[in-house]
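Written below as structure tokens is the structure these notes are about.
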Amino acid sequence: MVKKISNAAVIGSGIMGSGIAAQLANAGISCLLLDIVPAQLTESEAAQGLTLEHPAVRNRLAASAIKQLARTKPAPLYDERFASRITPGNLEDHLHLISEVDWVIEVVVENLEVKRKLLSDIERHWKPGIVVSSNTSGISINEMAAGRSAAFQSHFLGTHFFNPPRYMKLMEIIPGTNTDSGVVARMSEFVERKLGKTVVQAKDTPNFIANRIGTYGLLVTLREMIERGLTVEEADAVTGPALGRPKSATFRTLDLVGLDTFAHVANNVFNQVANEQERSIFAIPDVLKELVDRGWLGEKSGQGFYKKVKGAEGSQILALDLASMEYRPQKKPASGSLEAAKLAKGAKAKTNALLAGGDRYADFAWSVLKQVLIYSAEKMGEIADSIREIDEAMKWGFNWELGPFETWDAIGLSRSAARMEAEGLTIPVWVKEWLSEGHETFYKKENGVLFQAAGRQYKEVDIPSEIISLRELKEQNKVVKSNSGASLIDLGDGVACLEFHSPNNAIGGDILAMITQSVEEVRRNFAGLVIANQGRNFCVGANLMLLLMEAQDEEWDEVDDIIRLFQSTMYNLKRFEKPVVAAPHRMTLGGGVEACMPADQVIVAAETYYGLVEAGVGLIPAGGGCKELALRASRHAGADGDLQPLIQRAFETIGMAKVSSSGHDAKALGYLREHDSIVVHPDYLIHEAKQAVLRMSAAGYEPPLEERLRVVGSEGKAVLQLGAIGMREGCYISDHDLLIAKKLAHVLAGGDVPPGTYVSEQYMLDLEREAFLSLCGEPKTRQRMQHMLSTGKPLRN
């Protein structure tokens with residue numbers, strides 16, 4: 001039996017160990033973090049008169065790691081307060097406490113004998129039902145477990161988190177020969193549902209799945225680049241987004257990983273595989289050896305394949321010239337194939353455009369890609385039991401947009417295989433047999449069901465019913481209404497979903513029109529509405545370009561109409577007689593937040609960066625954002641409570657354009673209400689939103705009544721403005737920032753009315769709109785808007 005996992009112990013408090021402990025804490029799991037006892041005092045400890053026997057000294061490594069979590073960027077914790085869920089300790093005094101936890105994770109040095117010794121110590125305190133796992137990135141699970149009891153081995157497996165544990169979605173689970181299948185199933189479900197990971201089951205082979213293929217691909221790229229005389233930046237231009245890979249491409253990725261770490265991972269395969277041809281690929285190239293010998297290890301040492309230097313005009317990133325081993329300014333590569341890939345939409349189109357370019361970059365891309373595809377096929381059955389697991393591992397472990405087998409389908413399986421053979425490569429037998437059966441792709445869809453190649457036939461891919469794909473619903477003709485900016489999609493069970501799909505999901509007239517149409521459609525034919533999409537970001541705000549154009553032309557009536565339409569649409573959504581649930585994810589900014597605020601409930605993905613950021617472009621929220629925060633403050637204070645501190649908080653949040661670092665932080669900032677909730681795994685977000693709609697509908701939903709809100713009035717406004725003036729006098733903000741702050745204070749305070757006055761929501765919306773229009777007339781605001789559109793960064797003027 002596997003115990004329910006409510007607490008855990010992590011052994012090893014380095015970057016990975018503390019990061020794993022943090023993610024457990026994020027998920028509400030209390031965690032014991034253990035490390036070795038220090039052998040000597042620090043200067044600070046000695047100055048305090050502490051000895052090596054003092055608990056603060058003995059627990060120092062783990063305690064320091066927990067403190068460091070608050071300073072680490074990107075933040076390992078959803079909320080800094082979650083650090084209290086982690087208890088520091090040491091292996092000599094506290095190892096016995098693992099008998100009280102449900103899961104023990106060892107994250108010590110990648111050394112087989114060290115791990116074996118630790119597992120022996122763990123077993124002395126182990127009780128049946130406790131899961132024990134190793135976070136190894138490549139050491140054999142079976143070799144680690146050798147010598148342990150059969151009962152212990154049945155509960156031992158590999159759980160390979162990727163770094164950083166909070167942000168990397170992949171989890172490789174590696175059963176040992178004697179691991180109980182029930183333990184594997186239970187842990188897979190727990191890690192996916194509770195920790196928000198995509199789980200793939202790997203076999204106990206060197207480097208498992210993602211690091212095996214990823215390392216191979218990086219080494220092939222390095223060798224092909226050297227052979228063809230390409231520069232570092234040329235190779236990265238080809239092997240980045242043009243090939244459906246992340247912007248870090250090859251050599252920026254290596255710098256981020258650390259060249260010494262990468263060499264260790266490559267050596268792990270080199271030392272363990274028997275095939276000489278395969279070993280030759282994993283042999284460390286001379287240039288990589290030299291970089292490691294020089295200590296040029298990448299970002300952690302300040303230089304690797306790239307080097308960041310500061311000059312008179314700011315920072316500059318130099319590229320390494322491999323011939324001279326000197327750094328020089330980067331030369332941006334340009335070619336027909338790269339330009340074609342840039343213009344194409346989506347990974348499939350980009351890859352095909354790049355390969356069809358007919359120039360040396362296209363040839364380089366093909367030479368790398370064909371080797372990676374064949375190697376992936378060769379390892380099928382050895383490192384994993386399905387092509388789906390290999391594809392998922394590469395997508396979520398290395399951030400590829402398409403896995404190897406998805407890529408092969410995208411470029412034409414039979415056509416590309418024939419080209420490979422014509423160029424002298426050997427296609428794996430199983431692929432040739434698959435093609436001989438007349439199959440043209442590794443994957444296919446029938447009636448919305450996904451199938452994958454398995455043996456000589458297709459096998460259905462097991463996808464949990466709770467994972468809802470809007471794209472697949474659209475392919476099944478479930479679109480009820482649609483225009484250029486948004487679509488209304490039937491989720492089934494009487495629930496509809498409003499999906500944004502404008503550029504960057506920015507809110508314009510098309511989305512507002514579809515919201516209105518959706519309300520009418522749901523009123524007639526559905527039980528309720530979900531507002532969600534599965535774009536890269538939920539919504540980056542209102543259509544800033546449209547507003548800027550109207551402002552530059554001084555079409556003030558047009559700007560007024562735009563804001564009135566936004567306000568009335570959001571107000572009507574709030575008063576809608578059927579339940580509405582918003583389900584934002586990742587970047588949800590400005591108007592995107594205001595589109596969520598009218599919802600009866602907001603269910604956010606844990607990785608949601610949520611904020612009213614209009615001040616950054618010289619404006620204030622005018623789609624109801626100011627009104628809603630003022631309303632919540634009034635509601636919270638009640639008839640007699642002190643309202644000023646709550647309005648002050650909203651003033652600072654909006655005025656400083658604060659954006660949450662997570663869904664939990666959004667709640668801490670006051671953007672979310674107590675009954676709003678957070679989902680760790682983003683793939684389950686729409687399902688949870690749908691269920692919330694159904695629950696409200698079944699309970700006899702009644703829309704919220706019109707509220708009047710108490711405001712702080714002219715006196716409260718003076719307090720807010722006085723604080724802003726102090727910031728200006730202290731040179732913390734500019735004159736234009738002060739102007740924006742005064743306008744914001746006027747709105748949040750409810751204007752120049754007596755303190756304690758009750759006003760309507762429409763009154764507050766009118767104040768918002770008037771302030772917004774006046775700021776649009778300011779040249780410095782228009783400069784900020786233009787700068788944001790041109791650079792993607794705020795301007796301080």
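Ordered as shown in the structure tokens, chains take letters A, B, and onward, while each chain numbers its residues from 1 and ligands are numbered from 1 in the order shown.
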
Item to complete: Give me the residues within 9 Å of Met16 of chain A as a list in words, counting only C-alpha atoms and dropping any in the same chain fewer than 4 places off.
Response: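 Contacts, in chain order: Gly12, Ile20, Ala21, Val107, Asn135, Phe161, Phe162, Asn163, Pro164 and Pro165 of chain A.
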
Item to complete: Do a neighbour search on Ile678 of chain A at 8 Å with only C-alpha atoms, toss out local chain neighbours closer than 2 positions, and write the hits as a list in words.
Response: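 The filter keeps Ile603, Val604, Ala605, Ala606, Gly663, His664, Asp676 and Val680 of chain A.
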
Worksheet item: If we count only C-alpha atoms, what is near Thr407 of chain A at a cut-off of 12 Å, once residues fewer than 2 positions away on the same chain are taken out, given as a PyMOL selection string?
Response: chain A and resi 243-245+346-352+369-370+372-374+376+387+390-391+394-395+400-405+409-413+416+441-443

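As for atom CA of Phe156 of chain A and atom CA of Ser133 of chain A, they are spaced 5.4 Å apart.
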
Item to complete: Would you mind writing down, as JSON, numbers by chain, each residue of segment 605-709 of chain A that DSSP on the backbone assigns to alpha helix (DSSP H)?
Response: {"A": [625, 626, 627, 628, 629, 630, 631, 632, 633, 634, 635, 636, 637, 644, 645, 646, 647, 648, 649, 650, 651, 652, 653, 654, 655, 663, 664, 665, 666, 667, 668, 685, 686, 687, 688, 689, 690, 691, 692, 693, 694, 695, 696, 697, 698]}

Item to complete: Could you jot down the atom CA of Gly723 of chain A to atom CA of Ala771 of chain A separation for me, Å, one decimal place?
Response: 19.3 Å

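Comparing the minimum interatomic distances between Ala202 of chain A and each of A:Glu382, A:Glu499, A:Asp683, A:Glu53, counting only C-alpha atoms, we find that A:Glu382 sits nearest.
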
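On the backbone of this structure, DSSP gives strand (DSSP E) within segment 196-364 of chain A to A:Thr198, A:Val199, A:Val200, A:Gln201, A:Tyr306, A:Lys307, A:Lys308, A:Val309, A:Lys310, A:Gly311, A:Gly314, A:Ser315, A:Gln316, A:Ile317, A:Leu318, A:Ala319, A:Leu320, A:Asp321, A:Glu326, A:Tyr327, A:Arg328, A:Pro329.
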
Fill in: Contacts of Val593 of chain A within 9 Å, only C-alpha atoms, excl. fewer than 2 positions in-chain, as a VMD selection string
chain A and resid 539 541 584 588 to 591 595 to 597 610 to 612 625 671

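Distance check against Ser518 of chain A using only C-alpha atoms: of A:Lys481, A:Lys444, A:Arg471, A:His54, the minimum falls on A:Lys481.
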